[in-house]
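A.B. asks: My structure is stored as start.csv, with CSV, C-alpha atoms.
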```csv
chain,number,residue,atom,x,y,z
A,135,MET,CA,-22.3,9.4,53.4
A,136,ILE,CA,-19.5,10.1,51.0
A,137,LEU,CA,-17.6,12.0,53.7
A,138,LEU,CA,-18.0,9.1,56.1
A,139,LEU,CA,-16.8,6.5,53.6
A,140,ALA,CA,-13.8,8.7,52.7
A,141,LEU,CA,-13.0,9.1,56.4
A,142,LEU,CA,-13.1,5.3,56.8
A,143,LEU,CA,-10.8,4.8,53.8
A,144,LEU,CA,-8.4,7.3,55.2
A,145,ILE,CA,-8.3,5.7,58.7
A,146,ALA,CA,-7.9,2.3,57.1
A,147,LEU,CA,-4.8,3.6,55.2
A,148,LEU,CA,-3.5,4.8,58.5
A,149,GLY,CA,-3.8,1.4,60.1
A,150,LEU,CA,-7.4,0.7,61.0
A,151,PRO,CA,-8.0,-3.1,60.8
A,152,LEU,CA,-9.6,-4.0,57.4
A,153,PHE,CA,-12.6,-5.8,59.0
A,154,ALA,CA,-13.4,-2.7,61.0
A,155,ALA,CA,-13.3,-0.5,57.9
A,156,LEU,CA,-15.5,-2.8,55.9
A,157,GLY,CA,-17.9,-3.2,58.8
A,158,GLY,CA,-18.1,0.6,59.2
A,159,ALA,CA,-18.7,1.0,55.5
A,160,ALA,CA,-21.5,-1.6,55.7
A,161,LEU,CA,-23.2,0.2,58.6
A,162,VAL,CA,-23.0,3.6,56.7
A,163,LEU,CA,-24.6,2.0,53.6
A,164,VAL,CA,-27.3,0.3,55.7
A,165,ARG,CA,-28.2,3.7,57.3
A,166,HIS,CA,-28.1,5.5,53.9
A,167,MET,CA,-30.4,2.8,52.3
A,168,ASP,CA,-32.8,2.8,55.3
A,169,MET,CA,-32.3,-0.9,55.8
A,170,ASP,CA,-32.3,-3.0,58.9
A,171,PRO,CA,-28.7,-3.8,60.1
A,172,ALA,CA,-29.9,-7.4,60.5
A,173,VAL,CA,-29.2,-8.0,56.8
A,174,LEU,CA,-25.5,-8.1,57.7
A,175,VAL,CA,-26.1,-10.8,60.3
A,176,ILE,CA,-28.2,-12.8,57.7
A,177,GLU,CA,-25.2,-12.8,55.4
A,178,LEU,CA,-22.9,-14.0,58.3
A,179,ASN,CA,-25.4,-16.8,58.9
A,180,ARG,CA,-25.2,-17.8,55.2
A,181,LEU,CA,-21.4,-17.9,55.4
A,182,ALA,CA,-21.5,-19.9,58.6
A,183,SER,CA,-23.7,-22.5,56.9
A,184,SER,CA,-21.4,-23.1,54.0
A,185,PRO,CA,-20.5,-26.8,54.0
A,186,ASN,CA,-16.9,-26.2,53.0
A,187,LEU,CA,-16.1,-23.5,55.6
A,188,ILE,CA,-14.9,-26.0,58.2
A,189,ALA,CA,-12.1,-27.1,55.9
A,190,ILE,CA,-10.4,-23.8,56.4
A,191,PRO,CA,-9.6,-24.2,60.2
A,192,LEU,CA,-8.8,-27.9,59.7
A,193,PHE,CA,-6.3,-27.4,57.0
A,194,THR,CA,-4.8,-24.4,58.9
A,195,PHE,CA,-4.4,-26.5,62.0
A,196,ALA,CA,-2.7,-29.2,60.0
A,197,GLY,CA,-0.2,-26.6,58.7
A,198,VAL,CA,0.5,-25.2,62.2
A,199,VAL,CA,1.1,-28.6,63.6
A,200,MET,CA,3.5,-29.4,60.7
A,201,ALA,CA,5.4,-26.2,61.3
A,202,ALA,CA,5.8,-26.9,65.0
A,203,GLY,CA,6.6,-30.6,64.4
A,204,GLY,CA,9.7,-30.1,62.2
A,205,ALA,CA,8.1,-30.9,58.8
A,206,PRO,CA,9.9,-28.0,57.1
A,207,GLN,CA,13.3,-29.4,58.1
A,208,ARG,CA,12.4,-32.9,56.9
A,209,LEU,CA,11.1,-31.6,53.6
A,210,VAL,CA,14.2,-29.5,53.0
A,211,ARG,CA,16.4,-32.6,53.7
A,212,LEU,CA,14.4,-34.7,51.3
A,213,PHE,CA,14.4,-32.1,48.5
A,214,TYR,CA,18.1,-31.5,49.2
A,215,ALA,CA,18.8,-35.2,48.6
A,216,VAL,CA,16.7,-35.4,45.4
A,217,LEU,CA,17.5,-32.1,43.7
A,218,GLY,CA,21.0,-31.3,44.9
A,219,ARG,CA,22.8,-32.8,41.9
A,220,MET,CA,20.9,-30.7,39.2
A,221,PRO,CA,22.1,-27.2,38.2
A,222,GLY,CA,20.5,-24.7,40.6
A,223,GLY,CA,19.4,-27.7,42.6
A,224,ILE,CA,19.7,-26.0,46.0
A,225,ALA,CA,17.6,-23.0,44.8
A,226,SER,CA,15.0,-25.5,43.5
A,227,VAL,CA,15.1,-27.2,47.0
A,228,ALA,CA,14.1,-23.9,48.5
A,229,LEU,CA,11.4,-23.4,45.8
A,230,GLY,CA,9.9,-26.8,46.3
A,231,ALA,CA,9.9,-26.8,50.1
A,232,CYS,CA,8.3,-23.3,50.2
A,233,ALA,CA,5.6,-24.3,47.6
A,234,PHE,CA,4.8,-27.4,49.5
A,235,PHE,CA,4.6,-25.7,52.9
A,236,THR,CA,2.6,-22.7,51.6
A,237,ALA,CA,0.0,-25.0,50.1
A,238,PHE,CA,-0.6,-26.5,53.5
A,239,SER,CA,-0.1,-23.5,55.8
A,240,GLY,CA,-2.1,-21.2,53.5
A,241,ALA,CA,0.0,-18.2,54.7
A,242,SER,CA,3.2,-17.0,53.0
A,243,GLY,CA,4.3,-15.4,56.3
A,244,ILE,CA,4.5,-18.8,58.0
A,245,THR,CA,6.5,-20.2,55.1
A,246,ILE,CA,9.0,-17.3,55.2
A,247,LEU,CA,9.4,-17.4,59.0
A,248,ALA,CA,9.6,-21.2,59.2
A,249,LEU,CA,11.8,-21.9,56.2
A,250,GLY,CA,13.7,-18.6,55.6
A,251,GLY,CA,16.1,-19.0,58.5
A,252,LEU,CA,16.7,-22.6,57.6
A,253,LEU,CA,17.2,-22.1,53.8
A,254,TYR,CA,19.1,-18.8,53.7
A,255,PRO,CA,22.3,-20.2,55.3
A,256,ILE,CA,22.2,-23.2,53.0
A,257,LEU,CA,22.0,-21.0,49.9
A,258,GLU,CA,24.7,-18.7,51.3
A,259,LYS,CA,27.0,-21.7,52.0
A,260,CYS,CA,26.5,-23.0,48.4
A,261,GLY,CA,27.7,-19.7,46.9
A,262,TYR,CA,24.4,-18.1,45.9
A,263,PRO,CA,24.6,-14.3,45.9
A,264,GLU,CA,22.8,-12.6,48.8
A,265,ARG,CA,20.5,-10.7,46.5
A,266,PHE,CA,19.5,-13.8,44.6
A,267,SER,CA,18.8,-15.7,47.8
A,268,LEU,CA,16.7,-12.9,49.4
A,269,GLY,CA,14.7,-12.6,46.2
A,270,LEU,CA,14.1,-16.3,45.9
A,271,LEU,CA,13.0,-16.8,49.5
A,272,THR,CA,10.8,-13.7,49.5
A,273,THR,CA,8.9,-14.7,46.3
A,274,SER,CA,8.8,-18.4,47.2
A,275,GLY,CA,6.6,-17.5,50.2
A,276,SER,CA,3.6,-17.3,47.9
A,277,ILE,CA,4.4,-20.1,45.5
A,278,GLY,CA,2.1,-23.0,46.0
A,279,LEU,CA,-1.2,-21.0,46.5
A,280,LEU,CA,-2.8,-22.9,43.6
A,281,PHE,CA,-2.0,-26.4,44.9
A,282,PRO,CA,-4.4,-28.3,47.2
A,283,PRO,CA,-5.3,-27.8,49.9
A,284,SER,CA,-4.6,-24.1,49.5
A,285,LEU,CA,-6.8,-21.9,51.7
A,286,ALA,CA,-7.0,-19.2,49.0
A,287,VAL,CA,-8.6,-21.7,46.6
A,288,LEU,CA,-11.0,-22.7,49.3
A,289,VAL,CA,-12.0,-19.1,50.0
A,290,TYR,CA,-12.5,-18.3,46.3
A,291,GLY,CA,-14.6,-21.4,45.9
A,292,ILE,CA,-16.8,-20.4,48.8
A,293,VAL,CA,-17.2,-16.8,47.7
A,294,ALA,CA,-17.7,-17.6,44.0
A,295,GLY,CA,-20.0,-20.6,44.7
A,296,VAL,CA,-18.0,-23.0,42.4
A,297,ASN,CA,-17.0,-26.6,42.9
A,298,ILE,CA,-13.8,-26.6,45.0
A,299,ASP,CA,-12.8,-30.0,43.8
A,300,ARG,CA,-12.7,-28.8,40.2
A,301,LEU,CA,-11.1,-25.6,41.2
A,302,PHE,CA,-8.2,-27.6,42.6
A,303,LEU,CA,-7.9,-29.3,39.2
A,304,ALA,CA,-7.9,-26.0,37.5
A,305,GLY,CA,-4.9,-24.9,39.5
A,306,LEU,CA,-2.7,-28.0,39.0
A,307,ILE,CA,-1.2,-27.2,35.6
A,308,PRO,CA,-0.8,-23.5,36.1
A,309,GLY,CA,0.9,-24.1,39.5
A,310,THR,CA,3.2,-26.7,38.0
A,311,LEU,CA,4.0,-24.5,35.1
A,312,LEU,CA,5.2,-21.7,37.4
A,313,MET,CA,7.4,-24.2,39.3
A,314,LEU,CA,9.0,-25.4,36.1
A,315,LEU,CA,9.6,-21.8,34.9
A,316,LEU,CA,11.3,-20.9,38.2
A,317,VAL,CA,13.3,-24.1,38.3
A,318,ALA,CA,14.6,-23.3,34.7
A,319,PHE,CA,15.4,-19.8,35.8
A,320,ASN,CA,17.3,-21.0,38.9
A,321,SER,CA,19.2,-23.6,36.7
A,322,ALA,CA,20.2,-20.9,34.2
A,323,ARG,CA,21.4,-18.6,37.0
A,324,ALA,CA,23.4,-21.4,38.6
A,325,ARG,CA,25.2,-22.3,35.4
A,326,ARG,CA,26.0,-18.6,34.8
A,327,LEU,CA,27.5,-18.4,38.3
A,328,MET,CA,29.2,-21.8,37.9
A,329,LEU,CA,28.0,-22.9,41.3
A,330,PRO,CA,29.0,-26.4,42.5
A,331,ARG,CA,26.4,-29.2,42.6
A,332,ARG,CA,25.9,-31.3,45.7
A,333,SER,CA,26.1,-35.1,45.5
A,334,CYS,CA,24.1,-37.4,47.7
A,335,THR,CA,25.0,-40.9,48.8
A,336,LEU,CA,22.5,-43.6,48.7
A,337,GLU,CA,22.4,-43.8,52.5
A,338,GLU,CA,21.7,-40.1,52.8
A,339,PHE,CA,18.9,-40.4,50.2
A,340,ARG,CA,17.4,-43.4,52.1
A,341,ARG,CA,17.4,-41.5,55.4
A,342,ALA,CA,15.9,-38.4,53.9
A,343,LEU,CA,13.2,-40.4,52.2
A,344,LEU,CA,12.4,-42.2,55.4
A,345,HIS,CA,11.9,-39.0,57.3
A,346,GLY,CA,10.2,-36.9,54.6
A,347,ALA,CA,8.0,-39.5,52.8
A,348,THR,CA,5.2,-39.0,55.3
A,349,GLU,CA,4.7,-35.3,54.5
A,350,LEU,CA,5.4,-35.8,50.8
A,351,ALA,CA,2.6,-38.4,50.6
A,352,MET,CA,-0.1,-36.0,51.8
A,353,PRO,CA,-0.9,-34.1,48.6
A,354,PRO,CA,-1.3,-37.3,46.5
A,355,LEU,CA,-3.4,-38.8,49.2
A,356,ILE,CA,-5.6,-35.7,49.4
A,357,LEU,CA,-6.0,-35.6,45.6
A,358,LEU,CA,-6.8,-39.3,45.5
A,359,GLY,CA,-9.4,-39.0,48.3
A,360,ILE,CA,-11.2,-36.0,46.8
A,361,PHE,CA,-11.1,-36.9,43.1
A,362,GLY,CA,-11.5,-40.6,43.7
A,363,GLY,CA,-14.8,-39.8,45.3
A,364,PHE,CA,-13.8,-41.3,48.7
A,365,VAL,CA,-14.1,-38.1,50.7
A,366,THR,CA,-15.4,-34.5,50.4
A,367,VAL,CA,-13.1,-31.5,50.8
A,368,THR,CA,-14.2,-31.2,54.5
A,369,GLU,CA,-13.6,-34.9,55.2
A,370,ALA,CA,-10.2,-34.7,53.5
A,371,ALA,CA,-9.3,-31.8,55.8
A,372,ALA,CA,-10.4,-33.8,58.9
A,373,CYS,CA,-8.4,-36.8,57.7
A,374,THR,CA,-5.3,-34.6,57.1
A,375,VAL,CA,-5.5,-33.3,60.7
A,376,VAL,CA,-5.6,-36.9,62.0
A,377,TYR,CA,-2.8,-37.9,59.7
A,378,VAL,CA,-0.6,-35.0,60.8
A,379,LEU,CA,-1.2,-35.6,64.5
A,380,VAL,CA,-0.3,-39.3,64.1
A,381,VAL,CA,2.9,-38.5,62.2
A,382,GLU,CA,4.1,-35.7,64.5
A,383,ALA,CA,2.9,-37.0,67.9
A,384,LEU,CA,3.3,-40.7,67.5
A,385,ILE,CA,5.8,-41.5,64.8
A,386,PHE,CA,8.3,-38.7,65.0
A,387,ARG,CA,7.2,-37.6,68.5
A,388,THR,CA,8.1,-34.0,67.8
A,389,ILE,CA,4.8,-32.7,69.3
A,390,ARG,CA,3.7,-33.4,72.9
A,391,LEU,CA,-0.1,-33.1,72.7
A,392,ARG,CA,-0.5,-32.6,76.5
A,393,GLU,CA,1.7,-29.6,76.5
A,394,GLN,CA,1.4,-28.2,72.9
A,395,LEU,CA,-2.1,-29.0,71.7
A,396,ILE,CA,-3.8,-25.9,73.3
A,397,PRO,CA,-1.1,-23.4,72.2
A,398,LEU,CA,-1.3,-24.9,68.6
A,399,MET,CA,-5.0,-24.6,68.6
A,400,ARG,CA,-4.7,-21.0,69.9
A,401,GLU,CA,-2.3,-20.1,67.1
A,402,THR,CA,-4.8,-21.7,64.6
A,403,CYS,CA,-7.7,-19.7,66.0
A,404,ILE,CA,-5.8,-16.5,65.5
A,405,LEU,CA,-4.9,-17.3,61.9
A,406,VAL,CA,-8.4,-18.5,61.0
A,407,GLY,CA,-10.2,-15.8,62.9
A,408,SER,CA,-8.4,-13.1,60.9
A,409,ILE,CA,-9.7,-14.7,57.7
A,410,LEU,CA,-13.3,-15.5,58.9
A,411,VAL,CA,-13.9,-12.0,60.4
A,412,ILE,CA,-12.9,-10.4,57.1
A,413,LEU,CA,-15.0,-13.0,55.2
A,414,GLY,CA,-18.1,-12.3,57.2
A,415,VAL,CA,-18.0,-8.5,57.2
A,416,ALA,CA,-16.9,-8.2,53.6
A,417,MET,CA,-19.7,-10.5,52.3
A,418,GLY,CA,-22.2,-8.5,54.3
A,419,LEU,CA,-20.9,-5.3,52.6
A,420,ILE,CA,-20.9,-7.0,49.1
A,421,ASN,CA,-24.6,-8.1,49.7
A,422,LEU,CA,-25.5,-4.4,50.2
A,423,LEU,CA,-23.6,-3.4,47.1
A,424,ILE,CA,-25.5,-6.1,45.1
A,425,ASP,CA,-28.8,-4.8,46.5
A,426,ALA,CA,-27.8,-1.3,45.4
A,427,GLN,CA,-27.2,-2.7,41.9
A,428,VAL,CA,-23.5,-1.7,41.9
A,429,PRO,CA,-22.4,-4.8,39.9
A,430,ASP,CA,-25.1,-4.0,37.3
A,431,ARG,CA,-23.9,-0.4,36.9
A,432,LEU,CA,-20.3,-1.6,36.8
A,433,LEU,CA,-21.2,-4.1,34.1
A,434,ALA,CA,-23.0,-1.4,32.1
A,435,TRP,CA,-20.0,0.9,32.3
A,436,VAL,CA,-17.5,-1.8,31.3
A,437,GLU,CA,-19.7,-2.8,28.3
A,438,GLY,CA,-19.7,0.8,27.2
A,439,HIS,CA,-15.9,1.2,27.3
A,440,VAL,CA,-14.5,-2.3,26.7
A,441,GLY,CA,-15.2,-3.8,23.3
A,442,SER,CA,-13.4,-7.1,23.4
A,443,ARG,CA,-12.6,-10.1,25.6
A,444,ALA,CA,-8.8,-9.5,25.1
A,445,LEU,CA,-9.1,-5.9,26.3
A,446,PHE,CA,-11.2,-7.0,29.3
A,447,LEU,CA,-8.5,-9.6,30.3
A,448,LEU,CA,-5.8,-7.0,30.0
A,449,ILE,CA,-7.8,-4.5,32.2
A,450,LEU,CA,-8.6,-7.4,34.6
A,451,ASN,CA,-4.9,-8.2,35.1
A,452,LEU,CA,-3.9,-4.6,35.7
A,453,THR,CA,-6.8,-4.1,38.1
A,454,LEU,CA,-6.0,-7.3,40.1
A,455,LEU,CA,-2.3,-6.5,40.2
A,456,ALA,CA,-3.2,-3.1,41.8
A,457,VAL,CA,-5.6,-4.8,44.2
A,458,GLY,CA,-3.0,-7.4,45.2
A,459,ALA,CA,-0.5,-4.5,45.9
A,460,ILE,CA,-2.8,-2.9,48.5
A,461,MET,CA,-4.9,-5.7,50.0
A,462,ASP,CA,-4.1,-9.1,51.5
A,463,ILE,CA,-5.3,-12.1,49.4
A,464,PHE,CA,-8.3,-13.1,51.5
A,465,SER,CA,-9.7,-9.6,51.7
A,466,ALA,CA,-9.2,-9.2,47.9
A,467,ILE,CA,-11.0,-12.4,47.2
A,468,VAL,CA,-14.1,-11.6,49.2
A,469,VAL,CA,-14.4,-8.0,48.1
A,470,VAL,CA,-13.5,-8.3,44.4
A,471,VAL,CA,-14.8,-11.7,43.3
A,472,PRO,CA,-18.6,-10.9,43.6
A,473,LEU,CA,-18.0,-7.8,41.5
A,474,LEU,CA,-15.9,-9.6,38.8
A,475,LEU,CA,-18.1,-12.7,38.3
A,476,PRO,CA,-20.8,-10.9,36.3
A,477,LEU,CA,-18.2,-9.0,34.2
A,478,ALA,CA,-16.3,-12.2,33.5
A,479,ALA,CA,-19.5,-14.0,32.5
A,480,ARG,CA,-20.4,-11.2,30.1
A,481,TYR,CA,-17.1,-11.6,28.3
A,482,GLY,CA,-17.1,-15.4,28.3
A,483,VAL,CA,-14.5,-15.9,31.0
A,484,ASP,CA,-15.1,-19.2,32.8
A,485,PRO,CA,-15.3,-18.8,36.6
A,486,PHE,CA,-12.6,-21.5,37.1
A,487,HIS,CA,-10.3,-19.7,34.7
A,488,LEU,CA,-11.1,-16.4,36.5
A,489,GLY,CA,-10.2,-18.0,39.8
A,490,VAL,CA,-6.8,-19.1,38.5
A,491,VAL,CA,-6.1,-15.8,36.9
A,492,MET,CA,-7.1,-13.9,40.1
A,493,LEU,CA,-5.0,-16.1,42.4
A,494,ALA,CA,-2.0,-15.8,40.0
A,495,ASN,CA,-2.3,-12.0,40.2
A,496,LEU,CA,-2.6,-12.0,44.0
A,497,GLU,CA,0.5,-14.3,44.3
A,498,ILE,CA,2.4,-11.6,42.5
A,499,GLY,CA,0.8,-9.0,44.7
A,500,TYR,CA,2.3,-10.6,47.8
A,501,ASN,CA,5.6,-9.3,46.6
A,502,THR,CA,4.6,-5.8,45.4
A,503,PRO,CA,4.6,-2.5,47.4
A,504,PRO,CA,3.0,-0.8,49.1
A,505,VAL,CA,1.3,-3.7,51.1
A,506,GLY,CA,3.1,-6.7,49.7
A,507,ILE,CA,3.0,-8.9,52.9
A,508,ASN,CA,6.0,-11.1,51.8
A,509,LEU,CA,8.2,-8.0,51.7
A,510,PHE,CA,7.4,-6.9,55.2
A,511,ILE,CA,7.7,-10.4,56.7
A,512,ALA,CA,11.0,-11.1,54.9
A,513,SER,CA,12.2,-7.7,56.0
A,514,GLN,CA,11.6,-8.7,59.6
A,515,ARG,CA,13.0,-12.2,59.1
A,516,PHE,CA,16.2,-11.2,57.3
A,517,GLY,CA,16.7,-7.8,58.8
A,518,GLN,CA,16.8,-6.1,55.3
A,519,PRO,CA,15.0,-2.9,54.1
A,520,VAL,CA,11.8,-3.5,52.2
A,521,PHE,CA,12.9,-1.6,49.1
A,522,ARG,CA,16.1,-3.7,48.9
A,523,LEU,CA,14.0,-6.9,49.1
A,524,PHE,CA,11.7,-5.6,46.4
A,525,ARG,CA,14.7,-5.0,44.1
A,526,ALA,CA,15.9,-8.6,44.8
A,527,THR,CA,12.5,-10.0,43.8
A,528,LEU,CA,12.4,-8.2,40.4
A,529,PRO,CA,13.9,-11.1,38.3
A,530,PHE,CA,11.5,-13.6,39.9
A,531,LEU,CA,8.6,-11.2,39.4
A,532,ALA,CA,9.5,-11.0,35.7
A,533,VAL,CA,9.2,-14.8,35.4
A,534,MET,CA,5.9,-14.7,37.3
A,535,LEU,CA,4.5,-12.0,35.0
A,536,ALA,CA,5.4,-14.0,32.0
A,537,TRP,CA,3.6,-17.0,33.6
A,538,LEU,CA,0.6,-14.8,34.3
A,539,GLY,CA,0.4,-13.9,30.6
A,540,LEU,CA,0.4,-17.6,29.7
A,541,VAL,CA,-2.3,-18.5,32.2
A,542,THR,CA,-4.4,-15.5,31.1
A,543,TRP,CA,-4.2,-16.0,27.4
A,544,ILE,CA,-4.3,-19.8,27.3
A,545,PRO,CA,-7.4,-20.8,29.1
A,546,PHE,CA,-6.8,-24.5,28.4
A,547,LEU,CA,-4.1,-24.5,31.1
A,548,SER,CA,-6.9,-24.0,33.6
A,549,LEU,CA,-9.7,-25.8,31.8
A,550,TRP,CA,-7.9,-28.9,30.6
A,551,TRP,CA,-10.1,-31.1,32.7
A,552,LYS,CA,-13.4,-30.0,31.1
```
Using structure tokens, write down the structure from this file.
C.D. replies:
Amino acid sequence: MILLLALLLLIALLGLPLFAALGGAALVLVRHMDMDPAVLVIELNRLASSPNLIAIPLFTFAGVVMAAGGAPQRLVRLFYAVLGRMPGGIASVALGACAFFTAFSGASGITILALGGLLYPILEKCGYPERFSLGLLTTSGSIGLLFPPSLAVLVYGIVAGVNIDRLFLAGLIPGTLLMLLLVAFNSARARRLMLPRRSCTLEEFRRALLHGATELAMPPLILLGIFGGFVTVTEAAACTVVYVLVVEALIFRTIRLREQLIPLMRETCILVGSILVILGVAMGLINLLIDAQVPDRLLAWVEGHVGSRALFLLILNLTLLAVGAIMDIFSAIVVVVPLLLPLAARYGVDPFHLGVVMLANLEIGYNTPPVGINLFIASQRFGQPVFRLFRATLPFLAVMLAWLGLVTWIPFLSLWWK
């Protein structure tokens, strides 16, 4: 069995799709434990019956439609008009637009591809150094993963079995804090470089607000609907799809439903399918590990070597940073969360706090070799070597690591609503 599992790991490192590696490992374990492979299907059925699962494809579809309908350009224009006068305002425009779009698209790759080509020439024209611009746009691809309706938050809530509404509340202050820290960093850098600020006429602001207000209104409406008790998360996702289709197809008319609806749905299916197939296979494998009492053995080992909550949190961050560097965020969530939950409970770490800390680590992992997906997508988008992009992200990663420390050691930032 060990040889087969090692072979699967080796093949996965050479490029075998992760779901195939996880499925193969599950079948090897089923055979070793003399169990019926049907247990894997049972776990798939449990996943399919989750009431919040349908929110994932709906929010993904809304993000795809927004990308195709010109929402990124309208958002950039609005942020440009509002933030252009402040020091580092143009860099903060890029930060805000990327965060907003990542929260809705759920995928940093889409953000970099959709906004990178638009924002990079703007930053260059305003005098920002090439290295700063590349680092900003690469790291901004994962900013926003803690804001509703983030797919990463939805997946964590489903896997951990916690209330998704409250999980969104837990991420609001940490996500906002990261934005403020990065805005402050951008402003300090702009002052140091003595970059000019951009003024905006009242007419320009009015037009930008007119075109961008429809997208900007969506997050408050979603929060109001969910936390006001008017709709569930799934119902909010369905309402978001209807809202986006009305805005893009009827108001701005940038989407032609007869011609583009099927291609957009196909693109959504590809994005969602890659998430769900990993979810299903990984949860089946995790169920086998639980039956084999692996979490209990891991808990016993940790209790024997880790004597304090502070040390546990330190080891947790180091482990999650390593996981984020070698796995994509959705795979990491479904594989690691079931193993971490009992450990966190043993050391008094709230599952909502654990979720925020985990997603914060994985945000950073998006920009870390060897499998930092932001680096590879940005390399393709900007035509730059991966190592050069990684060097460009280092100042921003330093800010994010400082933020991670605050989120980890000040649980109130995540649990203020309790």
A.B. asks: Between A:Val367, A:Ile449, A:Ala237, A:Leu247, which residue has the minimum interatomic distance to Gly197 of chain A, considering only C-alpha atoms?
C.D. replies: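 Among the listed residues, A:Ala237 lies closest to Gly197 of chain A.
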A.B. asks: Measuring between only C-alpha atoms, which one of A:Gly269, A:Pro263, A:Ser465, A:Leu540 shows the shortest distance to Leu315 of chain A?
C.D. replies: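 Looking only at the distances to Leu315 of chain A, the closest residue turns out to be A:Leu540.
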A.B. asks: Expressed in Å to a single decimal, how great is the separation between atom CA of Glu437 of chain A and atom CA of Leu473 of chain A?
C.D. replies: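 Pair atom CA of Glu437 of chain A / atom CA of Leu473 of chain A returns 14.2 Å.
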A.B. asks: With distances taken over only C-alpha atoms, which residue among A:Thr542, A:Val406, A:Leu355, A:Leu156 lies nearest Arg443 of chain A?
C.D. replies: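 Result for the nearest residue to Arg443 of chain A: A:Thr542.
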A.B. asks: Between A:Ile307, A:Val520, A:Ala444, A:Leu137, which one has atoms that come closest to Gly482 of chain A, using all atoms listed in the file?
C.D. replies: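 With all atoms listed in the file as the atom set, the closest residue is A:Ala444.
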A.B. asks: Which residue is closest to Gly223 of chain A? Choose from A:Leu454, A:Leu316, A:Ile396, A:Leu488 and count only C-alpha atoms.
C.D. replies: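 Going through A:Leu454, A:Leu316, A:Ile396, A:Leu488 one by one, the smallest distance to Gly223 of chain A is for A:Leu316.
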A.B. asks: Point out the residue among A:Ala233, A:Met461, A:Met534, A:Cys403 with the least atom-to-atom distance to Ser276 of chain A, counting all atoms listed in the file.
C.D. replies: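 Nearest to Ser276 of chain A: A:Ala233.
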A.B. asks: Measure the distance from atom CA of Leu212 of chain A to atom CA of Leu280 of chain A in Å and round it to one decimal.
C.D. replies: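 Computing it gives 22.2 Å between the two atoms.
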A.B. asks: Show me the residues around (7.4, -7.9, 57.6) - criterion: an atom at most 12 Å away, all atoms listed in the file counted - as an MDAnalysis selection string.
C.D. replies: chainID A and resid 242:244 246:247 272 500:501 503:521 523
A.B. asks: Just the number, please: distance in Å from atom CA of Ile224 of chain A to atom CA of Ala532 of chain A, one decimal.
C.D. replies: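 Separation of atom CA of Ile224 of chain A and atom CA of Ala532 of chain A: 20.9 Å.
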